[in-house]
>>> print(open('start_24.tsv').read())   # TSV, C-alpha atoms
chain	number	residue	atom	x	y	z
M	1	MET	CA	-13.16	20.31	66.77
M	2	GLY	CA	-16.07	18.57	65.03
M	3	GLU	CA	-16.08	15.06	63.66
M	4	TRP	CA	-14.42	14.62	60.29
M	5	VAL	CA	-16.60	13.52	57.41
M	6	LEU	CA	-15.33	11.80	54.29
M	7	ASP	CA	-17.70	11.57	51.34
M	8	ILE	CA	-16.90	8.94	48.72
M	9	ALA	CA	-18.58	8.51	45.34
M	10	VAL	CA	-17.75	5.52	43.13
M	11	GLU	CA	-18.51	5.34	39.42
M	12	GLN	CA	-17.45	3.06	36.59
M	13	ILE	CA	-16.15	4.70	33.41
M	14	ASP	CA	-15.25	2.01	30.88
M	15	LYS	CA	-12.73	-0.21	32.68
M	16	VAL	CA	-11.73	2.46	35.20
M	17	THR	CA	-13.40	2.72	38.60
M	18	VAL	CA	-13.35	6.38	39.65
M	19	VAL	CA	-13.42	7.08	43.38
M	20	SER	CA	-14.15	10.75	44.12
M	21	LEU	CA	-13.05	11.87	47.57
M	22	SER	CA	-14.35	14.85	49.51
M	23	GLY	CA	-13.04	15.57	52.99
M	24	PRO	CA	-10.11	14.23	55.00
M	25	ILE	CA	-8.61	10.77	55.28
M	26	GLY	CA	-7.56	10.62	58.91
M	27	THR	CA	-7.90	8.40	61.94
M	28	SER	CA	-11.69	8.64	62.09
M	29	THR	CA	-12.28	8.24	58.33
M	30	LEU	CA	-9.61	5.74	57.28
M	31	GLU	CA	-11.83	2.71	57.90
M	32	LYS	CA	-14.60	4.16	55.71
M	33	PHE	CA	-12.06	4.74	52.93
M	34	LYS	CA	-10.84	1.14	53.23
M	35	GLN	CA	-14.39	-0.23	53.23
M	36	GLU	CA	-15.08	1.52	49.92
M	37	VAL	CA	-11.80	0.81	48.13
M	38	ASP	CA	-10.82	-2.68	49.36
M	39	PRO	CA	-13.65	-4.44	47.46
M	40	LEU	CA	-12.54	-2.72	44.24
M	41	LEU	CA	-9.19	-4.51	44.50
M	42	ARG	CA	-10.90	-7.89	44.25
M	43	LYS	CA	-11.62	-7.37	40.55
M	44	ALA	CA	-9.26	-8.88	38.02
M	45	ALA	CA	-6.76	-6.24	36.84
M	46	PRO	CA	-8.33	-3.38	38.81
M	47	HIS	CA	-7.99	0.07	37.28
M	48	ILE	CA	-8.75	2.59	40.03
M	49	LEU	CA	-8.59	6.36	39.75
M	50	LEU	CA	-8.77	8.39	42.94
M	51	ASP	CA	-10.13	11.85	42.16
M	52	CYS	CA	-8.65	13.97	44.93
M	53	ALA	CA	-10.27	17.29	43.99
M	54	GLY	CA	-12.12	17.39	47.32
M	55	LEU	CA	-9.50	15.64	49.44
M	56	SER	CA	-8.57	18.10	52.18
M	57	TYR	CA	-6.10	15.98	54.18
M	58	ILE	CA	-4.51	12.54	54.33
M	59	ASN	CA	-2.52	11.19	57.25
M	60	SER	CA	0.51	8.89	57.13
M	61	LYS	CA	-1.61	5.74	57.47
M	62	GLY	CA	-3.67	6.89	54.49
M	63	LEU	CA	-0.53	7.45	52.43
M	64	ALA	CA	0.78	4.02	53.39
M	65	LEU	CA	-2.55	2.55	52.33
M	66	LEU	CA	-2.28	4.25	48.93
M	67	THR	CA	1.13	2.67	48.32
M	68	ASN	CA	-0.30	-0.69	49.37
M	69	TYR	CA	-3.19	-0.23	46.93
M	70	HIS	CA	-0.73	0.64	44.18
M	71	ARG	CA	1.26	-2.53	44.80
M	72	ARG	CA	-1.87	-4.68	44.86
M	73	CYS	CA	-3.17	-3.19	41.60
M	74	TYR	CA	0.20	-3.54	39.90
M	75	ALA	CA	0.59	-7.16	41.08
M	76	ASP	CA	-2.76	-7.98	39.48
M	77	ARG	CA	-1.91	-6.17	36.22
M	78	GLY	CA	-4.09	-3.22	37.13
M	79	ARG	CA	-3.37	0.43	37.78
M	80	LEU	CA	-3.91	2.99	40.49
M	81	GLY	CA	-3.86	6.67	39.62
M	82	LEU	CA	-4.57	9.92	41.40
M	83	CYS	CA	-5.88	13.07	39.76
M	84	ASN	CA	-6.65	16.61	40.88
M	85	VAL	CA	-4.16	16.41	43.75
M	86	ASN	CA	-3.73	19.75	45.51
M	87	ASP	CA	-0.27	21.32	45.75
M	88	ARG	CA	0.09	20.73	49.49
M	89	LEU	CA	-0.61	17.01	49.19
M	90	ALA	CA	1.62	16.69	46.12
M	91	LYS	CA	4.51	18.32	48.02
M	92	THR	CA	4.00	15.99	50.98
M	93	ILE	CA	4.04	12.96	48.70
M	94	GLU	CA	7.22	14.18	47.01
M	95	LEU	CA	8.93	14.85	50.35
M	96	LEU	CA	8.16	11.28	51.41
M	97	LYS	CA	9.60	9.99	48.11
M	98	LEU	CA	6.25	8.43	47.16
M	99	GLY	CA	6.05	10.33	43.88
M	100	SER	CA	7.98	7.59	42.10
M	101	ILE	CA	5.45	5.00	43.30
M	102	LEU	CA	2.12	6.80	42.94
M	103	LYS	CA	1.01	7.97	39.47
M	104	PHE	CA	-0.44	11.48	39.25
M	105	TYR	CA	-2.58	13.00	36.50
M	106	GLY	CA	-3.48	16.66	36.17
M	107	SER	CA	-7.14	16.03	35.45
M	108	ARG	CA	-9.72	13.28	35.43
M	109	ASP	CA	-9.92	13.36	31.62
M	110	GLU	CA	-6.14	13.01	31.28
M	111	ALA	CA	-6.16	10.06	33.68
M	112	LEU	CA	-9.05	8.28	31.96
M	113	ILE	CA	-7.28	8.53	28.59
M	114	ALA	CA	-3.98	7.26	30.02
M	115	MET	CA	-5.59	4.41	31.96
M	116	LYS	CA	-7.50	2.91	29.00
>>> encode(input="start_24.tsv", output="structure tokens")
Amino acid sequence: MGEWVLDIAVEQIDKVTVVSLSGPIGTSTLEKFKQEVDPLLRKAAPHILLDCAGLSYINSKGLALLTNYHRRCYADRGRLGLCNVNDRLAKTIELLKLGSILKFYGSRDEALIAMK
């Protein structure tokens, strides 16, 4: 099995920082994900949207990190949202009862409108 590669693109759209993910978040890519997202949480009232259109996999540590990011954003009067989540990942999140914590949007446009 080859090495996993996670591509991350960050862009600012109004007050929302959009993080587009392509590839898996697993043991070998979790640190890269943290290095990109952790600094975004240092802003006052961070509004972060994770565009998961290209996210192929996320392990349990990655899911735990997402809930931690949600709590940190919420505590600082910000928001964390996820959009374009594939059915398999959405089912996993629901099975783990994380659907009541993490906010999902069907599309990037829907999320950007809701997060303004």
>>> residues_around(input="start_24.tsv", residues="Val37 in chain M", least_positions_apart="3", cutoff="9 Å", atoms="all atoms listed in the file", output="number ranges by chain")
M: 19, 32-34, 40-41, 48, 69
>>> atom_distance(input="start_24.tsv", atom1="CA of Leu50 in chain M", atom2="CA of Gly81 in chain M")
6.2 Å
>>> atom_distance(input="start_24.tsv", atom1="CA of Ser22 in chain M", atom2="CA of Lys116 in chain M")
24.7 Å
>>> residues_around(input="start_24.tsv", residues="Tyr74 in chain M", least_positions_apart="4", cutoff="10 Å", atoms="only C-alpha atoms", output="number ranges by chain")
M: 45-47, 68-70, 78-80
>>> closest_residue(input="start_24.tsv", among="M:Arg108, M:Lys15, M:Lys61, M:Arg72", to="Arg42 in chain M", atoms="only C-alpha atoms")
M:Arg72
>>> atom_distance(input="start_24.tsv", atom1="CA of Leu30 in chain M", atom2="CA of Ile58 in chain M")
9.0 Å
>>> residues_around(input="start_24.tsv", residues="Tyr105 in chain M", least_positions_apart="4", cutoff="10 Å", atoms="all atoms listed in the file", output="mmCIF file with C-alpha atoms, in the coordinates of the input")
data_model
loop_
_atom_site.group_PDB
_atom_site.id
_atom_site.type_symbol
_atom_site.label_atom_id
_atom_site.label_comp_id
_atom_site.auth_asym_id
_atom_site.auth_seq_id
_atom_site.Cartn_x
_atom_site.Cartn_y
_atom_site.Cartn_z
ATOM 1 C CA LEU M 49 -8.590 6.360 39.750
ATOM 2 C CA ASP M 51 -10.130 11.850 42.160
ATOM 3 C CA GLY M 81 -3.860 6.670 39.620
ATOM 4 C CA LEU M 82 -4.570 9.920 41.400
ATOM 5 C CA CYS M 83 -5.880 13.070 39.760
ATOM 6 C CA ASN M 84 -6.650 16.610 40.880
ATOM 7 C CA VAL M 85 -4.160 16.410 43.750
ATOM 8 C CA ASP M 109 -9.920 13.360 31.620
ATOM 9 C CA GLU M 110 -6.140 13.010 31.280
ATOM 10 C CA ALA M 111 -6.160 10.060 33.680
ATOM 11 C CA LEU M 112 -9.050 8.280 31.960
ATOM 12 C CA ALA M 114 -3.980 7.260 30.020
#
>>> residues_around(input="start_24.tsv", residues="Thr67 in chain M", least_positions_apart="4", cutoff="7 Å", atoms="all atoms listed in the file", output="list in words")
Leu63, Arg71 and Leu102 of chain M
>>> write_last_selection(input="start_24.tsv", atoms="C-alpha atoms", output="mmCIF file, keeping the file's coordinate frame")
data_model
loop_
_atom_site.group_PDB
_atom_site.id
_atom_site.type_symbol
_atom_site.label_atom_id
_atom_site.label_comp_id
_atom_site.auth_asym_id
_atom_site.auth_seq_id
_atom_site.Cartn_x
_atom_site.Cartn_y
_atom_site.Cartn_z
ATOM 1 C CA LEU M 63 -0.530 7.450 52.430
ATOM 2 C CA ARG M 71 1.260 -2.530 44.800
ATOM 3 C CA LEU M 102 2.120 6.800 42.940
#
>>> closest_residue(input="start_24.tsv", among="M:Ala75, M:Ile13, M:Leu6, M:Leu96", to="Leu55 in chain M", atoms="all atoms listed in the file")
M:Leu6
>>> closest_residue(input="start_24.tsv", among="M:Ile93, M:Leu21, M:Met115, M:Ala9", to="Ser60 in chain M", atoms="all atoms listed in the file")
M:Ile93
>>> closest_residue(input="start_24.tsv", among="M:Val5, M:Ile113, M:Leu95, M:Cys73", to="Ala44 in chain M", atoms="all atoms listed in the file")
M:Cys73
>>> closest_residue(input="start_24.tsv", among="M:Asn59, M:Asn86, M:Ser28, M:Thr17", to="Ser107 in chain M", atoms="all atoms listed in the file")
M:Asn86
>>> axis_aligned_box(input="start_24.tsv", around="range 89-103 of chain M", padding_each_side="8 Å", output="lines of an AutoDock Vina configuration file")
center_x = 4.5
center_y = 11.7
center_z = 45.4
size_x = 26.2
size_y = 29.3
size_z = 27.9
>>> build_atoms(input="start_24.tsv", residues="range 37-49 of chain M", atoms="N, CA, C and O atoms", output="PDB file, in the frame of the given file")
ATOM      1  N   VAL M  37     -12.807   1.114  49.151  1.00  0.00           N
ATOM      2  CA  VAL M  37     -11.800   0.810  48.130  1.00  0.00           C
ATOM      3  C   VAL M  37     -11.371  -0.667  48.146  1.00  0.00           C
ATOM      4  O   VAL M  37     -11.148  -1.251  47.081  1.00  0.00           O
ATOM      5  N   ASP M  38     -11.273  -1.278  49.297  1.00  0.00           N
ATOM      6  CA  ASP M  38     -10.820  -2.680  49.360  1.00  0.00           C
ATOM      7  C   ASP M  38     -11.589  -3.613  48.423  1.00  0.00           C
ATOM      8  O   ASP M  38     -10.973  -4.413  47.714  1.00  0.00           O
ATOM      9  N   PRO M  39     -12.928  -3.547  48.371  1.00  0.00           N
ATOM     10  CA  PRO M  39     -13.650  -4.440  47.460  1.00  0.00           C
ATOM     11  C   PRO M  39     -13.298  -4.222  45.978  1.00  0.00           C
ATOM     12  O   PRO M  39     -13.375  -5.148  45.173  1.00  0.00           O
ATOM     13  N   LEU M  40     -12.899  -3.023  45.626  1.00  0.00           N
ATOM     14  CA  LEU M  40     -12.540  -2.720  44.240  1.00  0.00           C
ATOM     15  C   LEU M  40     -11.282  -3.471  43.811  1.00  0.00           C
ATOM     16  O   LEU M  40     -11.077  -3.730  42.630  1.00  0.00           O
ATOM     17  N   LEU M  41     -10.444  -3.809  44.785  1.00  0.00           N
ATOM     18  CA  LEU M  41      -9.190  -4.510  44.500  1.00  0.00           C
ATOM     19  C   LEU M  41      -9.406  -5.995  44.236  1.00  0.00           C
ATOM     20  O   LEU M  41      -8.486  -6.681  43.811  1.00  0.00           O
ATOM     21  N   ARG M  42     -10.603  -6.474  44.476  1.00  0.00           N
ATOM     22  CA  ARG M  42     -10.900  -7.890  44.250  1.00  0.00           C
ATOM     23  C   ARG M  42     -11.192  -8.203  42.785  1.00  0.00           C
ATOM     24  O   ARG M  42     -11.255  -9.364  42.400  1.00  0.00           O
ATOM     25  N   LYS M  43     -11.391  -7.167  41.981  1.00  0.00           N
ATOM     26  CA  LYS M  43     -11.620  -7.370  40.550  1.00  0.00           C
ATOM     27  C   LYS M  43     -10.315  -7.830  39.901  1.00  0.00           C
ATOM     28  O   LYS M  43      -9.222  -7.520  40.373  1.00  0.00           O
ATOM     29  N   ALA M  44     -10.454  -8.522  38.789  1.00  0.00           N
ATOM     30  CA  ALA M  44      -9.260  -8.880  38.020  1.00  0.00           C
ATOM     31  C   ALA M  44      -8.726  -7.619  37.354  1.00  0.00           C
ATOM     32  O   ALA M  44      -9.499  -6.827  36.798  1.00  0.00           O
ATOM     33  N   ALA M  45      -7.427  -7.410  37.431  1.00  0.00           N
ATOM     34  CA  ALA M  45      -6.760  -6.240  36.840  1.00  0.00           C
ATOM     35  C   ALA M  45      -7.508  -4.937  37.170  1.00  0.00           C
ATOM     36  O   ALA M  45      -7.995  -4.256  36.274  1.00  0.00           O
ATOM     37  N   PRO M  46      -7.581  -4.587  38.440  1.00  0.00           N
ATOM     38  CA  PRO M  46      -8.330  -3.380  38.810  1.00  0.00           C
ATOM     39  C   PRO M  46      -7.667  -2.105  38.320  1.00  0.00           C
ATOM     40  O   PRO M  46      -6.453  -1.927  38.461  1.00  0.00           O
ATOM     41  N   HIS M  47      -8.442  -1.251  37.702  1.00  0.00           N
ATOM     42  CA  HIS M  47      -7.990   0.070  37.280  1.00  0.00           C
ATOM     43  C   HIS M  47      -8.784   1.074  38.118  1.00  0.00           C
ATOM     44  O   HIS M  47      -9.991   1.247  37.904  1.00  0.00           O
ATOM     45  N   ILE M  48      -8.097   1.696  39.076  1.00  0.00           N
ATOM     46  CA  ILE M  48      -8.750   2.590  40.030  1.00  0.00           C
ATOM     47  C   ILE M  48      -8.140   3.978  39.924  1.00  0.00           C
ATOM     48  O   ILE M  48      -6.924   4.136  39.973  1.00  0.00           O
ATOM     49  N   LEU M  49      -9.011   4.961  39.782  1.00  0.00           N
ATOM     50  CA  LEU M  49      -8.590   6.360  39.750  1.00  0.00           C
ATOM     51  C   LEU M  49      -9.183   7.056  40.957  1.00  0.00           C
ATOM     52  O   LEU M  49     -10.403   7.065  41.140  1.00  0.00           O
TER      53      LEU M  49
END
